[in-house]
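**Q** I'm passing along work_8.pdb; it holds PDB, C-alpha atoms.
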ATOM      1  CA  MET H 127      96.245  55.752 176.019
ATOM      2  CA  SER H 128      97.072  54.098 172.709
ATOM      3  CA  SER H 129      99.416  55.622 170.182
ATOM      4  CA  ASN H 130      96.565  56.283 167.761
ATOM      5  CA  THR H 131      94.611  58.145 170.422
ATOM      6  CA  ALA H 132      97.671  60.211 171.347
ATOM      7  CA  ILE H 133      98.211  61.153 167.694
ATOM      8  CA  TYR H 134      94.532  62.110 167.373
ATOM      9  CA  VAL H 135      94.628  64.302 170.497
ATOM     10  CA  ARG H 136      97.865  65.954 169.396
ATOM     11  CA  ARG H 137      96.405  66.751 165.987
ATOM     12  CA  ARG H 138      93.238  68.167 167.522
ATOM     13  CA  ILE H 139      95.267  70.421 169.807
ATOM     14  CA  THR H 140      97.508  71.525 166.943
ATOM     15  CA  ASN H 141      94.481  72.275 164.793
ATOM     16  CA  MET H 142      92.839  74.237 167.603
ATOM     17  CA  VAL H 143      95.967  76.301 168.217
ATOM     18  CA  ALA H 144      96.326  77.018 164.495
ATOM     19  CA  MET H 145      92.665  78.055 164.261
ATOM     20  CA  LEU H 146      93.003  80.367 167.269
ATOM     21  CA  LEU H 147      96.168  81.990 165.895
ATOM     22  CA  GLY H 148      94.595  82.392 162.466
ATOM     23  CA  GLY H 149      91.443  83.901 163.962
ATOM     24  CA  PHE H 150      93.488  86.275 166.105
ATOM     25  CA  ALA H 151      95.529  87.404 163.091
ATOM     26  CA  THR H 152      92.349  87.994 161.095
ATOM     27  CA  LEU H 153      90.755  89.935 163.934
ATOM     28  CA  LEU H 154      93.906  92.029 164.364
ATOM     29  CA  GLY H 155      94.018  92.880 160.674
ATOM     30  CA  LEU H 156      90.320  93.790 160.585
ATOM     31  CA  THR H 157      90.744  95.928 163.706
ATOM     32  CA  PHE H 158      93.449  98.049 162.097
ATOM     33  CA  LEU H 159      91.455  98.262 158.857
ATOM     34  CA  VAL H 160      88.334  99.490 160.658
ATOM     35  CA  TRP H 161      90.477 101.872 162.724
ATOM     36  CA  ILE H 162      92.049 103.397 159.620
ATOM     37  CA  LEU H 163      88.681 103.754 157.905
ATOM     38  CA  TRP H 164      87.136 105.323 161.020
ATOM     39  CA  VAL H 165      89.940 107.868 161.437
ATOM     40  CA  THR H 166      89.821 108.775 157.738
ATOM     41  CA  VAL H 167      86.040 109.152 157.653
ATOM     42  CA  SER H 168      85.767 111.034 160.960
ATOM     43  CA  ASN H 169      88.451 113.551 159.971
ATOM     44  CA  GLY H 170      87.506 113.962 156.325
ATOM     45  CA  ILE H 171      83.718 113.889 156.248
ATOM     46  CA  SER H 172      83.396 117.447 157.585
ATOM     47  CA  ALA H 173      85.328 118.848 154.593
ATOM     48  CA  ILE H 174      83.255 117.006 151.968
ATOM     49  CA  THR H 175      81.370 120.062 150.712
ATOM     50  CA  PRO H 176      80.482 121.400 147.243
ATOM     51  CA  THR H 177      83.449 123.768 147.562
ATOM     52  CA  LEU H 178      85.797 120.791 147.605
ATOM     53  CA  PHE H 179      84.699 119.851 144.082
ATOM     54  CA  THR H 180      84.303 123.344 142.602
ATOM     55  CA  LYS H 181      87.343 125.335 143.781
ATOM     56  CA  ILE H 182      91.022 124.784 143.093
ATOM     57  CA  THR H 183      93.892 124.523 145.546
ATOM     58  CA  ALA H 184      95.142 128.056 144.831
ATOM     59  CA  TYR H 185      92.486 129.428 147.180
ATOM     60  CA  GLY H 186      94.235 127.894 150.180
ATOM     61  CA  ALA H 187      92.090 127.136 153.196
ATOM     62  CA  GLN H 188      88.987 128.405 151.365
ATOM     63  CA  GLY H 189      89.754 126.304 148.336
ATOM     64  CA  GLY H 190      89.060 122.797 147.184
ATOM     65  CA  LEU H 191      90.519 119.939 145.228
ATOM     66  CA  SER H 192      88.846 120.204 141.835
ATOM     67  CA  ASN H 193      92.123 120.587 139.923
ATOM     68  CA  ALA H 194      93.699 117.735 141.889
ATOM     69  CA  ILE H 195      90.725 115.438 141.246
ATOM     70  CA  VAL H 196      90.760 116.172 137.512
ATOM     71  CA  GLY H 197      94.537 115.805 137.333
ATOM     72  CA  SER H 198      94.469 112.454 139.122
ATOM     73  CA  LEU H 199      91.761 111.128 136.815
ATOM     74  CA  ILE H 200      93.658 112.265 133.721
ATOM     75  CA  MET H 201      96.992 110.763 134.791
ATOM     76  CA  ASP H 202      95.535 107.542 136.194
ATOM     77  CA  PHE H 203      93.464 106.705 133.130
ATOM     78  CA  THR H 204      96.207 107.817 130.733
ATOM     79  CA  ALA H 205      98.587 105.494 132.575
ATOM     80  CA  LEU H 206      96.004 102.722 132.293
ATOM     81  CA  LEU H 207      95.704 103.302 128.540
ATOM     82  CA  ILE H 208      99.484 102.905 128.296
ATOM     83  CA  CYS H 209     100.044  99.896 130.530
ATOM     84  CA  ALA H 210      96.851  97.845 130.040
ATOM     85  CA  PRO H 211      97.393  96.848 126.358
ATOM     86  CA  ILE H 212     101.104  96.220 126.903
ATOM     87  CA  GLY H 213     100.469  94.254 130.091
ATOM     88  CA  VAL H 214      97.764  92.056 128.565
ATOM     89  CA  LEU H 215      99.887  91.317 125.487
ATOM     90  CA  ALA H 216     102.980  90.573 127.584
ATOM     91  CA  GLY H 217     101.025  88.326 129.949
ATOM     92  CA  THR H 218      99.495  86.492 126.990
ATOM     93  CA  TYR H 219     102.938  85.945 125.491
ATOM     94  CA  LEU H 220     104.252  84.536 128.761
ATOM     95  CA  ALA H 221     101.309  82.182 129.244
ATOM     96  CA  GLU H 222     100.892  80.933 125.672
ATOM     97  CA  TYR H 223     104.222  81.275 123.857
ATOM     98  CA  ALA H 224     106.984  81.337 126.491
ATOM     99  CA  ASN H 225     105.400  79.382 129.311
ATOM    100  CA  SER H 226     108.169  76.820 129.806
ATOM    101  CA  SER H 227     111.106  78.533 128.119
ATOM    102  CA  LYS H 228     114.099  80.171 129.773
ATOM    103  CA  LEU H 229     113.090  83.466 128.193
ATOM    104  CA  GLY H 230     109.692  83.265 129.860
ATOM    105  CA  ALA H 231     111.255  82.496 133.231
ATOM    106  CA  THR H 232     113.614  85.448 132.821
ATOM    107  CA  ILE H 233     110.787  87.815 131.901
ATOM    108  CA  ARG H 234     108.737  86.660 134.891
ATOM    109  CA  PHE H 235     111.723  87.219 137.171
ATOM    110  CA  LEU H 236     112.261  90.735 135.838
ATOM    111  CA  ASN H 237     108.532  91.449 136.095
ATOM    112  CA  ASP H 238     108.573  90.381 139.750
ATOM    113  CA  ILE H 239     111.490  92.739 140.375
ATOM    114  CA  LEU H 240     109.563  95.589 138.748
ATOM    115  CA  LEU H 241     106.473  94.640 140.753
ATOM    116  CA  SER H 242     108.359  94.989 144.035
ATOM    117  CA  ALA H 243     110.439  98.026 143.059
ATOM    118  CA  PRO H 244     109.828 101.153 145.190
ATOM    119  CA  SER H 245     107.618 103.621 143.365
ATOM    120  CA  ILE H 246     110.038 106.462 144.071
ATOM    121  CA  VAL H 247     112.715 104.615 142.077
ATOM    122  CA  LEU H 248     110.384 104.425 139.076
ATOM    123  CA  GLY H 249     109.627 108.120 139.496
ATOM    124  CA  LEU H 250     113.343 108.954 139.442
ATOM    125  CA  PHE H 251     113.755 106.756 136.359
ATOM    126  CA  VAL H 252     111.053 108.670 134.479
ATOM    127  CA  TYR H 253     112.564 111.926 135.745
ATOM    128  CA  VAL H 254     115.857 110.976 134.085
ATOM    129  CA  ILE H 255     114.460 109.682 130.788
ATOM    130  CA  ILE H 256     111.619 112.185 130.225
ATOM    131  CA  VAL H 257     111.716 115.223 132.515
ATOM    132  CA  LEU H 258     115.418 116.044 132.126
ATOM    133  CA  PRO H 259     115.524 115.616 128.311
ATOM    134  CA  MET H 260     112.434 117.833 127.999
ATOM    135  CA  SER H 261     114.136 120.344 130.309
ATOM    136  CA  ASN H 262     117.108 120.502 127.941
ATOM    137  CA  MET H 263     114.707 121.242 125.092
ATOM    138  CA  THR H 264     113.277 124.168 127.055
ATOM    139  CA  HIS H 265     116.695 125.717 127.789
ATOM    140  CA  GLY H 266     117.059 124.585 131.393
ATOM    141  CA  ALA H 267     113.562 125.013 132.843
ATOM    142  CA  ILE H 268     112.494 121.843 134.649
ATOM    143  CA  SER H 269     109.742 120.363 132.466
ATOM    144  CA  PHE H 270     107.532 118.525 134.887
ATOM    145  CA  SER H 271     104.382 117.326 133.122
ATOM    146  CA  GLY H 272     101.280 115.239 133.455
ATOM    147  CA  LEU H 273     102.584 113.025 130.663
ATOM    148  CA  ALA H 274     105.683 112.153 132.680
ATOM    149  CA  GLY H 275     103.461 111.389 135.656
ATOM    150  CA  SER H 276     101.329 109.079 133.514
ATOM    151  CA  VAL H 277     104.395 107.208 132.278
ATOM    152  CA  ALA H 278     105.639 106.744 135.854
ATOM    153  CA  LEU H 279     102.248 105.410 136.929
ATOM    154  CA  ALA H 280     102.136 103.141 133.877
ATOM    155  CA  LEU H 281     105.424 101.549 134.951
ATOM    156  CA  ILE H 282     103.861 100.845 138.345
ATOM    157  CA  GLY H 283     100.682  99.303 136.938
ATOM    158  CA  LEU H 284     102.358  97.305 134.149
ATOM    159  CA  PRO H 285     103.780  94.421 136.246
ATOM    160  CA  VAL H 286     100.453  94.005 138.065
ATOM    161  CA  ILE H 287      98.595  93.504 134.785
ATOM    162  CA  VAL H 288     101.312  91.240 133.346
ATOM    163  CA  ARG H 289     101.248  88.978 136.408
ATOM    164  CA  THR H 290      97.440  88.831 136.546
ATOM    165  CA  THR H 291      97.046  88.106 132.830
ATOM    166  CA  ASP H 292      99.729  85.400 132.940
ATOM    167  CA  GLU H 293      98.157  83.641 135.922
ATOM    168  CA  MET H 294      94.576  83.915 134.643
ATOM    169  CA  LEU H 295      95.490  82.392 131.274
ATOM    170  CA  GLN H 296      97.370  79.560 132.948
ATOM    171  CA  LEU H 297      94.184  78.715 134.870
ATOM    172  CA  VAL H 298      92.359  78.002 131.599
ATOM    173  CA  PRO H 299      92.287  74.188 131.209
ATOM    174  CA  GLY H 300      94.518  72.654 128.566
ATOM    175  CA  THR H 301      91.563  70.653 127.249
ATOM    176  CA  LEU H 302      90.026  73.910 125.997
ATOM    177  CA  ARG H 303      93.154  74.586 123.962
ATOM    178  CA  GLU H 304      93.282  71.036 122.638
ATOM    179  CA  ALA H 305      89.634  71.140 121.596
ATOM    180  CA  ALA H 306      90.100  74.385 119.665
ATOM    181  CA  LEU H 307      93.322  73.232 117.983
ATOM    182  CA  SER H 308      91.748  69.913 116.992
ATOM    183  CA  LEU H 309      89.134  71.861 115.036
ATOM    184  CA  GLY H 310      91.865  73.596 113.069
ATOM    185  CA  VAL H 311      91.661  76.943 114.842
ATOM    186  CA  PRO H 312      94.851  79.014 114.309
ATOM    187  CA  GLN H 313      96.899  79.846 117.375
ATOM    188  CA  TRP H 314      96.201  83.575 117.183
ATOM    189  CA  LYS H 315      92.449  82.999 116.921
ATOM    190  CA  LEU H 316      92.596  80.489 119.788
ATOM    191  CA  THR H 317      94.327  83.091 121.935
ATOM    192  CA  MET H 318      92.099  86.037 121.052
ATOM    193  CA  GLN H 319      88.664  84.427 120.766
ATOM    194  CA  VAL H 320      88.880  81.537 123.204
ATOM    195  CA  LEU H 321      91.522  82.036 125.882
ATOM    196  CA  ILE H 322      91.253  85.805 126.341
ATOM    197  CA  ARG H 323      87.477  85.508 126.450
ATOM    198  CA  ALA H 324      87.607  82.669 128.977
ATOM    199  CA  ALA H 325      90.002  84.564 131.260
ATOM    200  CA  GLY H 326      88.468  87.976 130.556
ATOM    201  CA  SER H 327      86.976  88.550 133.997
ATOM    202  CA  GLY H 328      90.276  87.771 135.727
ATOM    203  CA  ILE H 329      92.222  90.013 133.356
ATOM    204  CA  LEU H 330      89.750  92.857 133.886
ATOM    205  CA  THR H 331      90.070  92.351 137.625
ATOM    206  CA  GLY H 332      93.839  92.771 137.368
ATOM    207  CA  ILE H 333      93.426  95.977 135.353
ATOM    208  CA  LEU H 334      91.055  97.460 137.931
ATOM    209  CA  LEU H 335      93.361  96.455 140.790
ATOM    210  CA  ALA H 336      96.244  98.166 138.979
ATOM    211  CA  LEU H 337      94.107 101.311 138.686
ATOM    212  CA  ALA H 338      93.383 101.140 142.414
ATOM    213  CA  ARG H 339      97.099 101.026 143.145
ATOM    214  CA  LEU H 340      97.823 103.973 140.849
ATOM    215  CA  ALA H 341      95.231 106.146 142.584
ATOM    216  CA  GLY H 342      97.263 106.460 145.786
ATOM    217  CA  GLU H 343     100.810 106.843 144.462
ATOM    218  CA  THR H 344     102.549 110.025 145.585
ATOM    219  CA  ALA H 345     106.339 109.639 145.343
ATOM    220  CA  PRO H 346     106.647 109.176 141.555
ATOM    221  CA  LEU H 347     104.386 112.179 140.898
ATOM    222  CA  LEU H 348     106.631 114.456 142.958
ATOM    223  CA  PHE H 349     109.427 113.865 140.420
ATOM    224  CA  THR H 350     107.287 113.894 137.273
ATOM    225  CA  ALA H 351     103.996 115.846 137.418
ATOM    226  CA  PHE H 352     105.139 117.847 140.482
ATOM    227  CA  GLY H 353     101.770 119.502 141.112
ATOM    228  CA  ASN H 354      99.891 122.626 140.074
ATOM    229  CA  ASN H 355      97.716 125.004 142.094
ATOM    230  CA  PHE H 356      95.632 125.789 139.025
ATOM    231  CA  MET H 357      93.456 123.773 136.697
ATOM    232  CA  THR H 358      95.214 122.412 133.630
ATOM    233  CA  LEU H 359      94.281 119.788 131.067
ATOM    234  CA  HIS H 360      97.402 119.986 128.913
ATOM    235  CA  PRO H 361      99.532 116.831 129.301
ATOM    236  CA  LEU H 362     102.805 118.766 128.933
ATOM    237  CA  ASP H 363     102.059 121.153 131.814
ATOM    238  CA  LYS H 364     102.604 120.575 135.508
ATOM    239  CA  MET H 365      99.525 118.768 136.751
ATOM    240  CA  ALA H 366      97.899 118.539 140.161
ATOM    241  CA  SER H 367      96.936 115.228 141.745
ATOM    242  CA  LEU H 368      95.147 114.170 144.901
ATOM    243  CA  PRO H 369      98.106 112.361 146.530
ATOM    244  CA  VAL H 370     100.443 115.314 145.984
ATOM    245  CA  ALA H 371      97.802 117.804 147.182
ATOM    246  CA  ILE H 372      97.319 115.725 150.341
ATOM    247  CA  TYR H 373     101.089 115.688 150.887
ATOM    248  CA  GLN H 374     101.290 119.462 150.492
ATOM    249  CA  TYR H 375      98.291 120.196 152.703
ATOM    250  CA  THR H 376      99.508 118.002 155.559
ATOM    251  CA  ASN H 377     102.725 120.046 155.700
ATOM    252  CA  ASP H 378     100.749 123.266 156.167
ATOM    253  CA  PRO H 379     100.318 124.475 159.776
ATOM    254  CA  ASN H 380      96.731 125.625 159.109
ATOM    255  CA  PRO H 381      94.183 123.122 160.563
ATOM    256  CA  ALA H 382      91.726 124.004 157.763
ATOM    257  CA  MET H 383      94.259 122.726 155.230
ATOM    258  CA  HIS H 384      94.562 119.509 157.223
ATOM    259  CA  ALA H 385      90.796 119.030 156.953
ATOM    260  CA  ILE H 386      90.993 119.333 153.164
ATOM    261  CA  ALA H 387      93.848 116.838 153.147
ATOM    262  CA  TRP H 388      91.720 114.364 155.139
ATOM    263  CA  ALA H 389      88.889 114.901 152.660
ATOM    264  CA  GLY H 390      91.245 114.075 149.797
ATOM    265  CA  ALA H 391      92.385 110.928 151.600
ATOM    266  CA  LEU H 392      88.734 109.956 152.068
ATOM    267  CA  LEU H 393      88.051 110.430 148.346
ATOM    268  CA  ILE H 394      90.962 108.164 147.423
ATOM    269  CA  THR H 395      89.857 105.578 149.985
ATOM    270  CA  MET H 396      86.299 105.537 148.624
ATOM    271  CA  PHE H 397      87.600 105.294 145.054
ATOM    272  CA  VAL H 398      89.817 102.326 145.887
ATOM    273  CA  LEU H 399      86.992 100.686 147.845
ATOM    274  CA  ALA H 400      84.607 101.144 144.927
ATOM    275  CA  LEU H 401      87.124  99.598 142.528
ATOM    276  CA  SER H 402      87.669  96.645 144.868
ATOM    277  CA  LEU H 403      83.927  96.023 145.114
ATOM    278  CA  LEU H 404      83.591  96.353 141.348
ATOM    279  CA  THR H 405      86.325  93.795 140.716
ATOM    280  CA  ARG H 406      84.655  91.321 143.072
ATOM    281  CA  LEU H 407      81.295  91.910 141.394
ATOM    282  CA  ILE H 408      82.728  91.368 137.916
ATOM    283  CA  PHE H 409      84.673  88.295 138.977
ATOM    284  CA  SER H 410      81.669  86.733 140.689
ATOM    285  CA  ARG H 411      79.265  87.375 137.797
ATOM    286  CA  LYS H 412      81.546  86.462 134.921
ATOM    287  CA  LYS H 413      83.448  83.649 136.527
ATOM    288  CA  VAL H 414      83.635  80.700 134.142
ATOM    289  CA  SER H 415      83.206  77.218 135.531
ATOM    290  CA  TYR H 416      85.412  74.561 133.943
ATOM    291  CA  GLU H 417      84.112  71.640 135.924
TER     292      GLU H 417
END
Starting from the file, give its structure as structure tokens.

**A**
Amino acid sequence: MSSNTAIYVRRRITNMVAMLLGGFATLLGLTFLVWILWVTVSNGISAITPTLFTKITAYGAQGGLSNAIVGSLIMDFTALLICAPIGVLAGTYLAEYANSSKLGATIRFLNDILLSAPSIVLGLFVYVIIVLPMSNMTHGAISFSGLAGSVALALIGLPVIVRTTDEMLQLVPGTLREAALSLGVPQWKLTMQVLIRAAGSGILTGILLALARLAGETAPLLFTAFGNNFMTLHPLDKMASLPVAIYQYTNDPNPAMHAIAWAGALLITMFVLALSLLTRLIFSRKKVSYE
């Protein structure tokens, strides 16, 4: 056997082994994903009734999750209103104005640290800077609030949007910038009307993915919004949320409460799945070809 033939055989074997290992890893991951979805659906589907959406958690085993659903929607979208504009502007600054500077590298490093920080740490941070000062204003009563929960969630979603916006803008070809600048377009107009528009689908995808992550956060809400067994829409009151309600119901010895908790987990799973499908649909339809 010649040396060239030996090299060819060795490469074929290596490629086959790599393909088998990659296929096995994919199959293993899909198996656990399907398993998790099956367990969640099989345990939660029985509790998906009109009562779940019309009654509040104060009714116990005969209650529902209406206040938790409303509270989660309020805090998640309020957090998105806080972090989305800041994240898009910060990502734009990194990509267009501080791309190769030491300041930009430092900001990216700090953003990566914030991206990987445990959510409970961010919840404790908001507890110290918002909940405790508000407690001092109310003469010692702990002032948990939906607003504090929204701020904690915003800190979690912010680095996701910053990273996505930065990377999407860097994917825009430099020739597009050069063409706009050669026509005398100001930098701010180039950024807002050309680059943001070109990378819009990717930026929107990052925002929706950040919202999907916020929907399942529990730890920061325990230190900020805390939870509420009654319906409330005031941002300065304690506010219920689906993750916290699930946490509370799973600690209850009553099996009926466990069924409601599984139903809440199923609602969050379906919400995240819907957002993931929506992001893929938007990205596939609005994807810009630069070829």

**Q** For this file, the PyMOL selection byres ((chain H and resi 299-311) around 12) selects which residues, as a ChimeraX atom specification?

**A** /H:221-222,294-298,312-325,414-417

**Q** Rounded to one decimal, what separation in Å do you get between atom CA of H:Leu340 and atom CA of H:Leu154?

**A**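 Answer for the atom CA of H:Leu340 to atom CA of H:Leu154 separation: 26.7 Å.
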
**Q** Given the choices H:Gly230, H:Gly342, H:Pro259, H:Gly149, which gets closest to H:Phe397 if the distance is worked out from only C-alpha atoms?

**A** H:Gly342

**Q** Quick one: apply the PyMOL selection byres ((chain H and resi 178) around 10) to the file and drop the selected residues here as a VMD selection string.

**A** chain H and resid 173 to 177 179 to 183 188 to 193 195 386 389 to 390

**Q** Just say which residues the PyMOL selection byres ((chain H and resi 198) around 8) picks in this file, as a list in words.

**A**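 Expected selection for the PyMOL selection byres ((chain H and resi 198) around 8) here is Ala194, Ile195, Val196, Gly197, Leu199, Ile200, Met201, Asp202, Ala341, Ala366, Ser367 and Leu368 of chain H.
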
**Q** Can you pull out every residue within 9 Å of H:Tyr375, counting only C-alpha atoms, but drop anything in the same chain fewer than 5 positions away, and send it as a list in words?

**A** Val370, Asn380, Met383, His384, Ala385, Ile386 and Ala387 of chain H

**Q** So, counting all atoms listed in the file, which residue among H:Trp164, H:Phe150, H:Phe158, H:Phe203 is closest to H:Ala338?

**A**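 Under the stated criterion, the closest residue is H:Phe203.
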
**Q** Sort by chain and increasing residue number a table of all residues of stretch 204-263 of chain H within 6 Å of stretch 346-351 of chain H, each with its closest pair of atoms and their distance in Å to one decimal, counting all atoms listed in the file, and write it as CSV.

**A**
residue,atom,partner,partner_atom,distance
H:Ser245,CA,H:Pro346,CA,5.9
H:Ile246,CA,H:Pro346,CA,5.0
H:Gly249,CA,H:Pro346,CA,3.8
H:Tyr253,CA,H:Thr350,CA,5.8

**Q** Please indicate the distance in Å from atom CA of H:Val277 to atom CA of H:Trp388, rounded to one decimal place.

**A**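 Interatomic distance, atom CA of H:Val277 to atom CA of H:Trp388: 27.1 Å.
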
**Q** So that I can check the surroundings of H:Leu335, please list as a list in words every protein, DNA and RNA residue that reaches within 9 Å of it, counting all atoms listed in the file and ignoring chain neighbours fewer than 3 positions away.

**A**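 So, after excluding close chain neighbours, the residues are Gly283, Val286, Ile287, Leu330, Thr331, Gly332, Ala338, Arg339, Leu340, Val398, Leu401, Ser402 and Thr405 of chain H.
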
**Q** Nearest to H:Tyr219: which of H:Asn169, H:Asn354, H:Thr291, H:Ser269 is it, counting only C-alpha atoms?

**A**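 Of all the options, H:Thr291 lies closest to H:Tyr219.
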
**Q** Using atom CA of H:Ile394 and atom CA of H:Ser172 as the two end points, give the distance in Å to one decimal.

**A**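 Distance between the two atoms: 15.7 Å.
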
**Q** Compare H:Thr152, H:Thr166, H:Thr290, H:Thr157 by their minimum atom-to-atom distance to H:Leu393, counting all atoms listed in the file, and give me the closest one.

**A**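 Among the listed residues, the smallest separation from H:Leu393 belongs to H:Thr166.
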
**Q** Using the file's own x, y and z axes, so that the box edges lie along x, y and z, what centre and edge lengths in Å (one decimal) does a box around every listed atom of stretch 368-377 of chain H get when 5 Å is added on each side? Give it as lines of an AutoDock Vina configuration file.

**A**
center_x = 98.9
center_y = 116.3
center_z = 150.3
size_x = 17.6
size_y = 17.8
size_z = 20.8

**Q** Pick out the closest residue to H:Asn225 from this set: H:Gly170, H:Ala210, H:Glu293, H:Leu241. Count all atoms listed in the file.

**A**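 Of the candidates, the smallest distance to H:Asn225 is held by H:Glu293.
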